[in-house]
$ cat entry.csv   # CSV, C-alpha atoms
chain,number,residue,atom,x,y,z
J,27,MET,CA,2.6,22.6,5.2
J,28,THR,CA,4.4,20.0,7.2
J,29,SER,CA,4.0,21.3,10.7
J,30,PHE,CA,0.3,22.1,10.9
J,31,ASP,CA,-1.9,19.5,12.5
J,32,THR,CA,-5.1,21.4,12.9
J,33,SER,CA,-7.5,23.1,10.5
J,34,PRO,CA,-6.6,26.8,9.9
J,35,GLN,CA,-9.4,29.4,9.8
J,36,LEU,CA,-10.4,29.6,6.2
J,37,ASN,CA,-11.2,33.3,6.4
J,38,VAL,CA,-7.6,33.9,7.4
J,39,TRP,CA,-6.4,31.9,4.5
J,40,ARG,CA,-8.6,33.8,2.1
J,41,MET,CA,-7.4,37.1,3.6
J,42,LEU,CA,-3.9,36.0,3.0
J,43,LEU,CA,-4.7,35.3,-0.6
J,44,ALA,CA,-6.1,38.8,-0.9
J,45,LEU,CA,-3.0,40.2,0.7
J,46,ALA,CA,-0.8,38.2,-1.7
J,47,VAL,CA,-2.4,40.1,-4.6
J,48,VAL,CA,-0.8,43.3,-3.1
J,49,PHE,CA,2.4,41.4,-2.6
J,50,VAL,CA,2.6,40.3,-6.2
J,51,MET,CA,1.8,43.8,-7.5
J,52,LEU,CA,4.6,45.3,-5.3
J,53,ALA,CA,7.0,42.6,-6.5
J,54,THR,CA,6.4,43.6,-10.1
J,55,THR,CA,7.5,47.2,-9.2
J,56,GLY,CA,10.7,46.1,-7.6
J,57,TRP,CA,9.5,46.8,-4.0
J,58,THR,CA,10.7,43.3,-3.0
J,59,ALA,CA,14.2,43.7,-4.5
J,60,LEU,CA,15.8,44.3,-1.2
J,61,ARG,CA,14.1,41.2,0.2
J,62,THR,CA,16.3,38.9,-1.9
J,63,HIS,CA,19.5,40.9,-1.2
J,64,ARG,CA,21.8,39.2,1.3
J,65,GLU,CA,25.3,39.6,2.5
J,66,SER,CA,27.9,37.0,1.7
J,67,THR,CA,27.1,33.7,3.5
J,68,ALA,CA,29.4,31.0,4.7
J,69,LEU,CA,28.5,28.8,1.7
J,70,GLN,CA,29.1,31.7,-0.7
J,71,ALA,CA,32.4,32.4,0.9
J,72,SER,CA,33.5,28.8,0.6
J,73,ILE,CA,32.5,28.7,-3.1
J,74,ALA,CA,34.4,32.0,-3.7
J,75,LYS,CA,37.4,30.5,-2.1
J,76,TRP,CA,37.1,27.4,-4.3
J,77,GLU,CA,36.9,29.6,-7.4
J,78,GLN,CA,40.2,31.1,-6.4
J,79,GLY,CA,41.8,27.8,-5.6
J,80,SER,CA,44.0,25.4,-7.6
J,81,ILE,CA,45.5,22.0,-7.6
J,82,HIS,CA,48.6,20.9,-9.4
J,83,GLY,CA,48.9,24.5,-10.6
J,84,LEU,CA,45.6,24.3,-12.4
J,85,HIS,CA,42.4,26.2,-11.5
J,86,LEU,CA,39.7,24.2,-9.9
J,87,PRO,CA,36.6,23.7,-12.2
J,88,ASP,CA,33.6,26.0,-12.1
J,89,PRO,CA,31.5,24.9,-9.1
J,90,GLU,CA,28.4,25.4,-11.3
J,91,ALA,CA,29.7,23.1,-14.0
J,92,SER,CA,27.6,20.1,-15.0
J,93,PRO,CA,27.6,17.2,-12.5
J,94,ALA,CA,29.2,15.0,-15.2
J,95,ARG,CA,32.1,17.5,-15.6
J,96,LEU,CA,32.6,17.8,-11.9
J,97,ALA,CA,32.4,14.0,-11.4
J,98,ARG,CA,35.2,13.6,-14.0
J,99,PHE,CA,37.3,16.1,-12.2
J,100,PHE,CA,37.0,14.4,-8.8
J,101,ALA,CA,37.6,11.0,-10.4
J,102,SER,CA,41.0,12.3,-11.7
J,103,LEU,CA,42.1,13.0,-8.1
J,104,THR,CA,43.7,10.6,-5.6
J,105,PRO,CA,41.7,10.0,-2.4
J,106,HIS,CA,44.2,12.1,-0.5
J,107,GLU,CA,43.6,15.0,-2.9
J,108,GLN,CA,39.9,14.7,-2.6
J,109,ASP,CA,40.0,14.8,1.2
J,110,ARG,CA,42.3,17.8,1.0
J,111,LEU,CA,39.7,19.7,-1.0
J,112,ALA,CA,36.9,18.6,1.3
J,113,HIS,CA,38.8,20.0,4.3
J,114,ARG,CA,39.8,23.2,2.6
J,115,TYR,CA,36.4,24.0,1.1
J,116,PRO,CA,33.9,21.9,3.2
J,117,LEU,CA,30.7,23.8,2.4
J,118,ALA,CA,31.5,24.1,-1.3
J,119,VAL,CA,32.3,20.4,-1.7
J,120,GLY,CA,29.6,19.3,0.6
J,121,ASN,CA,26.9,21.0,-1.5
J,122,MET,CA,28.6,20.4,-4.9
J,123,ASN,CA,26.4,18.3,-7.3
J,124,GLY,CA,28.8,16.1,-9.1
J,125,ALA,CA,31.2,15.5,-6.1
J,126,PRO,CA,31.3,11.8,-5.0
J,127,VAL,CA,28.6,11.1,-2.5
J,128,PRO,CA,31.0,9.8,0.2
J,129,LEU,CA,33.2,12.9,-0.2
J,130,ARG,CA,30.1,15.1,0.3
J,131,TYR,CA,29.4,13.3,3.5
J,132,ARG,CA,32.9,13.9,4.7
J,133,ALA,CA,32.9,17.5,3.7
J,134,ASN,CA,29.6,18.2,5.4
J,135,HIS,CA,31.0,16.5,8.6
J,136,VAL,CA,33.8,19.1,8.6
J,137,ALA,CA,31.4,21.9,7.9
J,138,LEU,CA,29.0,20.8,10.6
J,139,ASP,CA,31.8,20.6,13.1
J,140,GLN,CA,32.9,24.2,12.2
J,141,ALA,CA,29.3,25.4,12.6
J,142,ARG,CA,29.0,23.6,16.0
J,143,LYS,CA,32.0,25.5,17.3
J,144,VAL,CA,30.6,28.8,16.1
J,145,GLU,CA,27.3,28.2,17.9
J,146,LYS,CA,29.0,26.9,21.1
J,147,LYS,CA,30.8,30.3,21.3
J,148,ARG,CA,27.6,32.2,20.7
J,149,MET,CA,25.9,30.4,23.6
J,150,HIS,CA,28.1,32.3,25.9
J,151,ASP,CA,28.3,35.6,24.0
J,152,SER,CA,27.2,38.4,26.4
J,153,ARG,CA,26.3,40.6,23.4
J,154,LEU,CA,23.4,38.2,22.6
J,155,SER,CA,20.0,38.2,24.4
J,156,THR,CA,19.0,35.3,26.5
J,157,ALA,CA,16.8,34.2,23.6
J,158,GLY,CA,19.7,34.5,21.2
J,159,GLN,CA,21.9,32.4,23.4
J,160,GLN,CA,19.2,29.7,23.7
J,161,ASP,CA,18.8,29.6,19.9
J,162,ALA,CA,22.5,29.1,19.6
J,163,GLY,CA,22.3,26.2,22.0
J,164,ARG,CA,19.5,24.6,20.0
J,165,ARG,CA,21.5,24.9,16.8
J,166,MET,CA,24.6,23.6,18.5
J,167,HIS,CA,22.8,20.5,19.7
J,168,ARG,CA,21.3,19.9,16.3
J,169,TYR,CA,24.7,20.1,14.8
J,170,GLU,CA,26.0,17.6,17.3
J,171,SER,CA,23.2,15.2,16.4
J,172,LEU,CA,23.9,15.6,12.7
J,173,LEU,CA,27.6,14.9,13.4
J,174,ASN,CA,26.8,11.3,14.5
J,175,PRO,CA,29.2,9.1,12.4
J,176,LYS,CA,26.2,6.9,11.4
J,177,ARG,CA,24.4,9.8,9.7
J,178,HIS,CA,25.0,10.7,6.0
J,179,ILE,CA,24.5,14.4,5.3
J,180,LEU,CA,24.3,15.1,1.6
J,181,ALA,CA,23.8,18.8,1.8
J,182,PHE,CA,24.2,21.4,4.6
J,183,ASP,CA,24.0,25.2,4.7
J,184,PRO,CA,23.9,27.0,8.1
J,185,GLU,CA,22.7,30.3,6.7
J,186,GLY,CA,19.4,31.7,8.1
J,187,SER,CA,17.2,29.0,9.4
J,188,GLY,CA,19.4,26.4,7.8
J,189,ARG,CA,19.0,23.8,5.0
J,190,VAL,CA,20.0,20.1,5.1
J,191,ALA,CA,19.5,16.8,3.3
J,192,GLU,CA,20.2,13.3,4.7
J,193,VAL,CA,20.5,9.9,3.1
J,194,PHE,CA,19.2,6.6,4.6
J,195,GLY,CA,20.7,3.6,2.9
J,196,ASN,CA,23.5,3.3,0.4
J,197,LEU,CA,22.9,5.9,-2.3
J,198,THR,CA,25.7,4.9,-4.6
J,199,LYS,CA,24.6,1.2,-4.7
J,200,ALA,CA,20.8,1.7,-4.6
J,201,GLU,CA,18.5,-0.1,-7.0
J,202,ARG,CA,15.7,2.3,-6.1
J,203,ILE,CA,16.0,5.9,-4.8
J,204,SER,CA,13.2,7.8,-3.0
J,205,VAL,CA,13.3,11.5,-2.3
J,206,VAL,CA,11.0,13.0,0.4
J,207,VAL,CA,10.2,16.7,-0.1
J,208,PRO,CA,8.6,18.3,2.9
J,209,GLY,CA,6.4,21.5,3.2
J,210,VAL,CA,6.3,24.7,5.2
J,211,ASP,CA,8.2,25.4,8.4
J,212,THR,CA,11.0,23.1,7.4
J,213,ASP,CA,14.4,24.2,8.5
J,214,LEU,CA,17.4,23.0,10.5
J,215,LEU,CA,15.6,22.9,13.8
J,216,THR,CA,12.5,21.2,12.5
J,217,PHE,CA,14.4,18.7,10.3
J,218,GLN,CA,14.0,16.2,13.1
J,219,ARG,CA,11.6,15.9,16.0
J,220,THR,CA,11.3,13.8,19.1
J,221,ASN,CA,7.6,14.4,19.5
J,222,ARG,CA,5.5,13.8,16.4
J,223,ARG,CA,8.6,12.4,14.8
J,224,TYR,CA,6.8,11.3,11.6
J,225,SER,CA,5.8,14.8,10.8
J,226,ALA,CA,9.4,15.9,10.3
J,227,PRO,CA,11.6,15.1,7.3
J,228,VAL,CA,13.9,12.7,9.1
J,229,GLY,CA,11.0,10.7,10.6
J,230,MET,CA,9.3,10.6,7.2
J,231,ALA,CA,12.3,9.3,5.4
J,232,LYS,CA,13.2,6.8,8.1
J,233,ALA,CA,9.7,5.4,8.2
J,234,LEU,CA,9.7,5.2,4.4
J,235,TYR,CA,13.1,3.5,4.3
J,236,VAL,CA,12.0,0.9,6.9
J,237,ALA,CA,8.7,0.3,5.0
J,238,GLU,CA,10.4,-0.2,1.7
J,239,ARG,CA,12.8,-2.7,3.2
J,240,GLU,CA,9.9,-4.6,4.7
J,241,GLN,CA,8.0,-4.6,1.3
J,242,SER,CA,11.0,-5.8,-0.7
J,243,PRO,CA,13.9,-7.0,1.5
J,244,THR,CA,16.1,-8.0,-1.5
J,245,THR,CA,15.8,-4.5,-3.1
J,246,ARG,CA,18.7,-2.1,-2.3
J,247,THR,CA,16.9,1.1,-1.5
J,248,ALA,CA,18.0,4.6,-0.5
J,249,VAL,CA,15.8,7.4,0.8
J,250,ILE,CA,16.8,11.1,0.9
J,251,ALA,CA,15.2,13.5,3.4
J,252,TRP,CA,15.5,16.6,1.3
J,253,ALA,CA,15.1,19.8,3.2
J,254,ASP,CA,17.6,21.7,1.1
J,255,TYR,CA,15.3,24.6,0.1
J,256,THR,CA,14.0,27.6,1.9
J,257,SER,CA,10.4,26.7,2.7
J,258,PRO,CA,7.6,29.2,3.5
J,259,ASP,CA,7.4,30.2,7.1
J,260,GLY,CA,3.9,29.2,8.2
J,261,LEU,CA,0.6,29.9,6.3
J,262,GLY,CA,1.8,33.4,5.2
J,263,VAL,CA,2.0,35.0,1.8
J,264,ASP,CA,4.9,32.7,0.7
J,265,ALA,CA,2.7,29.7,1.2
J,266,ALA,CA,0.0,31.1,-1.0
J,267,THR,CA,2.3,31.7,-3.9
J,268,GLY,CA,4.8,29.7,-5.9
J,269,LEU,CA,7.9,31.8,-5.2
J,270,ARG,CA,9.5,29.4,-2.7
J,271,ALA,CA,8.5,26.5,-4.9
J,272,ALA,CA,10.2,28.0,-7.9
J,273,GLU,CA,13.4,28.5,-6.0
J,274,GLY,CA,13.1,25.0,-4.5
J,275,ALA,CA,12.4,23.4,-7.8
J,276,LEU,CA,15.8,24.6,-9.2
J,277,ARG,CA,17.6,23.1,-6.2
J,278,LEU,CA,15.6,19.9,-6.4
J,279,ASN,CA,16.3,19.3,-10.1
J,280,ALA,CA,20.0,20.1,-9.5
J,281,LEU,CA,20.1,17.3,-6.9
J,282,LEU,CA,18.2,14.8,-9.2
J,283,ASP,CA,20.5,15.5,-12.1
J,284,ALA,CA,23.5,14.7,-10.0
J,285,LEU,CA,22.3,11.5,-8.3
J,286,PRO,CA,24.7,8.6,-8.9
J,287,GLY,CA,24.0,5.5,-10.9
J,288,ARG,CA,20.9,4.9,-13.0
J,289,ALA,CA,18.4,3.6,-10.4
J,290,PRO,CA,14.8,4.7,-10.9
J,291,VAL,CA,13.8,7.6,-8.6
J,292,SER,CA,10.4,8.1,-6.9
J,293,MET,CA,9.4,11.5,-5.5
J,294,PHE,CA,7.3,11.8,-2.3
J,295,CYS,CA,6.1,15.3,-1.8
J,296,HIS,CA,4.1,16.4,1.2
J,297,SER,CA,1.9,19.5,1.4
J,298,TYR,CA,3.8,22.5,0.1
J,299,GLY,CA,6.5,20.1,-1.0
J,300,SER,CA,4.0,19.0,-3.6
J,301,VAL,CA,4.0,22.5,-5.0
J,302,VAL,CA,7.7,22.3,-5.3
J,303,CYS,CA,7.5,18.9,-7.1
J,304,GLY,CA,4.8,20.3,-9.4
J,305,VAL,CA,6.9,23.2,-10.5
J,306,ALA,CA,10.0,21.0,-10.9
J,307,ALA,CA,8.2,18.2,-12.7
J,308,ASP,CA,8.8,19.3,-16.3
J,309,ASP,CA,12.6,19.5,-15.8
J,310,MET,CA,13.0,16.3,-13.8
J,311,PRO,CA,15.3,13.7,-15.4
J,312,ARG,CA,13.6,10.8,-17.1
J,313,ARG,CA,14.8,8.4,-14.4
J,314,VAL,CA,12.1,9.9,-12.1
J,315,THR,CA,9.4,7.3,-12.7
J,316,ASP,CA,6.9,8.4,-10.0
J,317,ILE,CA,5.7,11.5,-8.3
J,318,ALA,CA,3.5,10.9,-5.3
J,319,VAL,CA,1.9,13.8,-3.5
J,320,ALA,CA,0.2,13.7,-0.1
J,321,ALA,CA,-1.9,16.5,1.6
J,322,SER,CA,-1.4,18.7,-1.5
J,323,PRO,CA,-2.7,22.2,-1.8
J,324,GLY,CA,-2.2,21.9,-5.5
J,325,MET,CA,0.7,21.4,-8.0
J,326,ARG,CA,0.2,24.7,-9.9
J,327,VAL,CA,-1.4,23.0,-12.9
J,328,SER,CA,-5.1,22.2,-13.7
J,329,LYS,CA,-4.4,18.6,-14.8
J,330,ALA,CA,-1.7,16.0,-14.2
J,331,SER,CA,-1.1,15.8,-17.9
J,332,ARG,CA,0.2,19.5,-17.8
J,333,LEU,CA,3.0,18.7,-15.5
J,334,GLY,CA,5.2,17.9,-18.5
J,335,THR,CA,6.6,14.7,-17.1
J,336,SER,CA,6.6,11.1,-18.2
J,337,ALA,CA,6.5,10.0,-14.5
J,338,ARG,CA,3.4,8.4,-13.1
J,339,VAL,CA,1.5,10.9,-10.9
J,340,TRP,CA,-0.1,9.7,-7.6
J,341,ALA,CA,-2.1,11.6,-5.0
J,342,MET,CA,-3.6,10.8,-1.6
J,343,ARG,CA,-5.5,12.7,1.1
J,344,ASP,CA,-6.9,11.5,4.3
J,345,ALA,CA,-10.5,12.3,5.1
J,346,THR,CA,-9.4,14.2,8.3
J,347,ASP,CA,-6.8,16.4,6.6
J,348,TRP,CA,-7.7,20.1,6.8
J,349,VAL,CA,-6.0,20.9,3.5
J,350,GLN,CA,-9.2,19.8,1.7
J,351,ASP,CA,-10.8,23.0,3.0
J,352,VAL,CA,-8.1,25.2,1.3
J,353,PRO,CA,-9.5,26.9,-1.9
J,354,TYR,CA,-8.1,25.0,-4.9
J,355,LEU,CA,-7.6,27.8,-7.3
J,356,GLU,CA,-4.9,29.8,-9.1
J,357,VAL,CA,-5.5,33.4,-10.0
J,358,GLY,CA,-2.6,35.6,-11.1
J,359,GLY,CA,-0.1,33.4,-9.4
J,360,LEU,CA,-2.0,33.1,-6.2
J,361,GLY,CA,-3.1,29.6,-5.0
J,362,HIS,CA,-1.8,26.4,-6.3
J,363,GLY,CA,-4.3,25.1,-8.8
J,364,ALA,CA,-6.6,22.1,-9.0
J,365,ASP,CA,-7.1,19.5,-6.3
J,366,PRO,CA,-4.7,16.6,-7.1
J,367,VAL,CA,-7.1,14.0,-5.7
J,368,SER,CA,-10.1,15.2,-7.8
J,369,SER,CA,-11.1,12.9,-10.6
J,370,SER,CA,-10.7,15.7,-13.2
J,371,PHE,CA,-7.0,16.2,-12.3
J,372,GLY,CA,-6.0,12.7,-13.6
J,373,ALA,CA,-3.7,11.5,-10.9
J,374,ARG,CA,-3.8,7.9,-9.6
J,375,VAL,CA,-5.6,8.3,-6.3
J,376,LEU,CA,-4.3,6.1,-3.5
J,377,SER,CA,-5.8,5.1,-0.1
J,378,ALA,CA,-4.6,7.1,2.8
J,379,ARG,CA,-6.7,5.4,5.4
J,380,ASP,CA,-5.6,5.9,9.1
J,381,ALA,CA,-3.2,8.8,8.2
J,382,GLN,CA,-5.0,11.0,10.8
J,383,GLY,CA,-4.8,14.6,9.8
J,384,HIS,CA,-2.3,16.7,7.8
J,385,ALA,CA,0.9,15.3,9.1
J,386,GLY,CA,0.2,11.6,9.5
J,387,TYR,CA,0.9,10.2,6.1
J,388,PHE,CA,4.3,8.6,7.1
J,389,GLN,CA,3.0,7.1,10.3
J,390,PRO,CA,3.9,3.4,10.5
J,391,GLY,CA,0.8,1.1,10.1
J,392,THR,CA,-1.1,3.4,7.8
J,393,ASP,CA,-2.3,2.7,4.3
J,394,SER,CA,-0.6,5.8,3.2
J,395,LEU,CA,2.9,4.7,4.2
J,396,ARG,CA,2.4,1.2,2.8
J,397,ASN,CA,1.3,2.7,-0.5
J,398,LEU,CA,4.2,5.1,-0.6
J,399,ALA,CA,6.7,2.2,0.1
J,400,ASP,CA,5.1,0.1,-2.6
J,401,ILE,CA,5.7,2.8,-5.1
J,402,GLY,CA,9.2,3.4,-3.8
J,403,VAL,CA,10.2,-0.3,-4.6
J,404,GLY,CA,8.1,-0.5,-7.7
J,405,ALA,CA,5.6,-2.9,-6.2
J,406,TYR,CA,2.7,-1.3,-8.1
J,407,ASP,CA,0.4,-4.3,-8.0
J,408,ALA,CA,0.4,-4.1,-4.2
J,409,VAL,CA,-0.9,-0.5,-3.9
J,410,THR,CA,-4.5,0.1,-2.7
J,411,CYS,CA,-6.7,2.7,-4.5
J,412,ALA,CA,-8.8,5.3,-2.7
J,413,ARG,CA,-12.1,4.6,-4.3
J,414,GLU,CA,-12.3,0.9,-3.6
J,415,ASN,CA,-11.6,-0.1,-7.2
J,416,ASP,CA,-8.5,-0.8,-9.3
J,417,ALA,CA,-8.5,2.5,-11.2
J,418,CYS,CA,-5.2,3.7,-9.7
J,419,ARG,CA,-3.5,0.5,-10.9
J,420,ALA,CA,-4.6,0.7,-14.5
J,421,ASP,CA,-1.9,0.1,-17.2
J,422,LEU,CA,0.9,-0.3,-14.6
J,423,PRO,CA,4.0,-2.5,-15.1
J,424,SER,CA,4.2,-5.7,-13.0
J,425,THR,CA,6.2,-5.6,-9.9
J,426,SER,CA,9.0,-7.7,-11.3
J,427,THR,CA,9.3,-5.5,-14.4
J,428,ALA,CA,9.2,-2.3,-12.4
J,429,GLN,CA,11.9,-3.5,-10.0
J,430,ARG,CA,14.2,-4.3,-13.0
J,431,ALA,CA,13.7,-0.9,-14.5

$ encode --input "entry.csv" --output "structure tokens"
Amino acid sequence: MTSFDTSPQLNVWRMLLALAVVFVMLATTGWTALRTHRESTALQASIAKWEQGSIHGLHLPDPEASPARLARFFASLTPHEQDRLAHRYPLAVGNMNGAPVPLRYRANHVALDQARKVEKKRMHDSRLSTAGQQDAGRRMHRYESLLNPKRHILAFDPEGSGRVAEVFGNLTKAERISVVVPGVDTDLLTFQRTNRRYSAPVGMAKALYVAEREQSPTTRTAVIAWADYTSPDGLGVDAATGLRAAEGALRLNALLDALPGRAPVSMFCHSYGSVVCGVAADDMPRRVTDIAVAASPGMRVSKASRLGTSARVWAMRDATDWVQDVPYLEVGGLGHGADPVSSSFGARVLSARDAQGHAGYFQPGTDSLRNLADIGVGAYDAVTCARENDACRADLPSTSTAQRA
């Protein structure tokens, strides 16, 4: 629920929960089968082309092979051969878990440039309505922004409303990695904002990266703005169920399994993003040491201990956040379970003072951002707890030990 800054009408939310009952019943009868059917996308076409391709007379490996298998394949190629594959199959390579990170950046640059040219033509396509031409213009300008050579795009898919992931810092040499998982209404056009910049994935990740460097200047950090899943569109039925979260969890864990090196990973999950992280938690690799949720409507479990992870679980919520008024329940797949900041849930509850509403947790100068950055660099003894005691710091490793992990 990234983009909502004001309290929704609770009766509307409850009505949507009731409607979701009907939705789930219809889903079990196959009514929604057509909903998931799509024609071939540009990404699927690129993957299909890869599957038919070869190098040195040998078939290219299965794009769904393990990241380790794909990493060995790319390591066996010369830089020229790698670049050739990136230019021939840009979307496939740019989204391939196991491909070298710098190669994914280059492949996605090619794919973005191709997508930019498509939208530039659509801007002047007389068959489109004025609104359609304007939408093409917005997408073209977003592609132009993402094509900036200083930006590092780890994943990109132009299909539908678009998916994208961006890296801040050096991912291959990082000693600590942070992943920001945003909530509803996240897509290509909302990936970055000029106004309310810290409510969008790019602003969140940039602010966290700067704060981590301020907290520990000698620690090499990298932060990923991960909007590489199809998030719910507003506070509709999708936001009341875990369907989008289940799909997103698979994509999220595929990314985590393919991250280079052995650096500890911290998850920072905002609003519906915390639902994604909750569903993904039991399959996250052990290098994920911390899962921190902010403005969470629930993690689809009744207690933190039921997430099935060895990672430390943190939660925060500002007193002005409307999400506290959302019913914390789960009935027949509807709703997202217990309140993560409740004492019965069992998370380490952090201060979020000054966050100001639902979308202010990554605003510079807030307790919330400072606490998230402390977790990101392993400075656990510096975090501030929500209840003016040291309970959230109980049984934690010292900063020096955590940073060596």

$ residues_around --input "entry.csv" --residues "segment 211-215 of chain J" --least-positions-apart "4" --cutoff "6 Å" --atoms "only C-alpha atoms" --output "ChimeraX atom specification"
/J:187-189,257,259-260

$ atom_distance --input "entry.csv" --atom1 "atom CA of Gln382 of chain J" --atom2 "atom CA of Thr346 of chain J"
6.0 Å

$ closest_residue --input "entry.csv" --among "J:Ala233, J:Val305, J:Val127, J:Ala289" --to "Pro390 of chain J" --atoms "only C-alpha atoms"
J:Ala233

$ atom_distance --input "entry.csv" --atom1 "atom CA of Pro208 of chain J" --atom2 "atom CA of His167 of chain J"
22.1 Å

$ residues_around --input "entry.csv" --residues "Arg246 of chain J" --least-positions-apart "4" --cutoff "10 Å" --atoms "all atoms listed in the file" --output "list in words"
Gly195, Asn196, Leu197, Lys199, Ala200, Glu201, Arg202, Ile203, Glu238, Arg239, Ser242, Ala289 and Val403 of chain J

$ closest_residue --input "entry.csv" --among "J:Glu77, J:Leu269, J:Leu129, J:Asp308" --to "Phe100 of chain J" --atoms "all atoms listed in the file"
J:Leu129

$ residues_around --input "entry.csv" --residues "Thr410 of chain J" --least-positions-apart "2" --cutoff "9 Å" --atoms "only C-alpha atoms" --output "list of chain:residue names"
J:Leu376, J:Ser377, J:Ala378, J:Asp393, J:Arg396, J:Asn397, J:Asp407, J:Ala408, J:Ala412, J:Arg413, J:Glu414, J:Asn415, J:Asp416, J:Cys418, J:Arg419

$ residues_near_point --input "entry.csv" --point "(22.2, 31.7, 3.9)" --cutoff "10 Å" --atoms "only C-alpha atoms" --output "JSON list (two decimals) with C-alpha atoms, keeping the file's coordinate frame"
[["chain", "number", "residue", "atom", "x", "y", "z"],
["J", 64, "ARG", "CA", 21.80, 39.20, 1.30],
["J", 65, "GLU", "CA", 25.30, 39.60, 2.50],
["J", 66, "SER", "CA", 27.90, 37.00, 1.70],
["J", 67, "THR", "CA", 27.10, 33.70, 3.50],
["J", 68, "ALA", "CA", 29.40, 31.00, 4.70],
["J", 69, "LEU", "CA", 28.50, 28.80, 1.70],
["J", 70, "GLN", "CA", 29.10, 31.70, -0.70],
["J", 183, "ASP", "CA", 24.00, 25.20, 4.70],
["J", 184, "PRO", "CA", 23.90, 27.00, 8.10],
["J", 185, "GLU", "CA", 22.70, 30.30, 6.70],
["J", 186, "GLY", "CA", 19.40, 31.70, 8.10],
["J", 187, "SER", "CA", 17.20, 29.00, 9.40],
["J", 188, "GLY", "CA", 19.40, 26.40, 7.80],
["J", 189, "ARG", "CA", 19.00, 23.80, 5.00],
["J", 256, "THR", "CA", 14.00, 27.60, 1.90]]

$ atom_distance --input "entry.csv" --atom1 "atom CA of Asn134 of chain J" --atom2 "atom CA of Gly120 of chain J"
4.9 Å

$ residues_around --input "entry.csv" --residues "Val119 of chain J" --least-positions-apart "5" --cutoff "10 Å" --atoms "only C-alpha atoms" --output "PyMOL selection string"
chain J and resi 69+72-73+76+89+108-109+111-114+124-126+129-134+137+181

$ closest_residue --input "entry.csv" --among "J:Ala101, J:Ala306, J:Leu360, J:Leu422" --to "Ala266 of chain J" --atoms "only C-alpha atoms"
J:Leu360

$ closest_residue --input "entry.csv" --among "J:Arg95, J:Arg312, J:Arg374, J:His296" --to "Ala226 of chain J" --atoms "only C-alpha atoms"
J:His296

$ closest_residue --input "entry.csv" --among "J:Met325, J:Val190, J:Cys303, J:Val314" --to "Asp283 of chain J" --atoms "all atoms listed in the file"
J:Val314

$ residues_around --input "entry.csv" --residues "Tyr298 of chain J" --least-positions-apart "6" --cutoff "9 Å" --atoms "only C-alpha atoms" --output "ChimeraX atom specification"
/J:27-28,207-210,257-258,265,271,321-325

$ axis_aligned_box --input "entry.csv" --around "segment 404-410 of chain J" --padding-each-side "6 Å" --output "AutoDock Vina command-line options"
--center_x 1.8 --center_y -2.1 --center_z -5.4 --size_x 24.6 --size_y 16.4 --size_z 17.4

$ closest_residue --input "entry.csv" --among "J:Lys176, J:Lys232, J:His150, J:Arg313" --to "Thr335 of chain J" --atoms "all atoms listed in the file"
J:Arg313
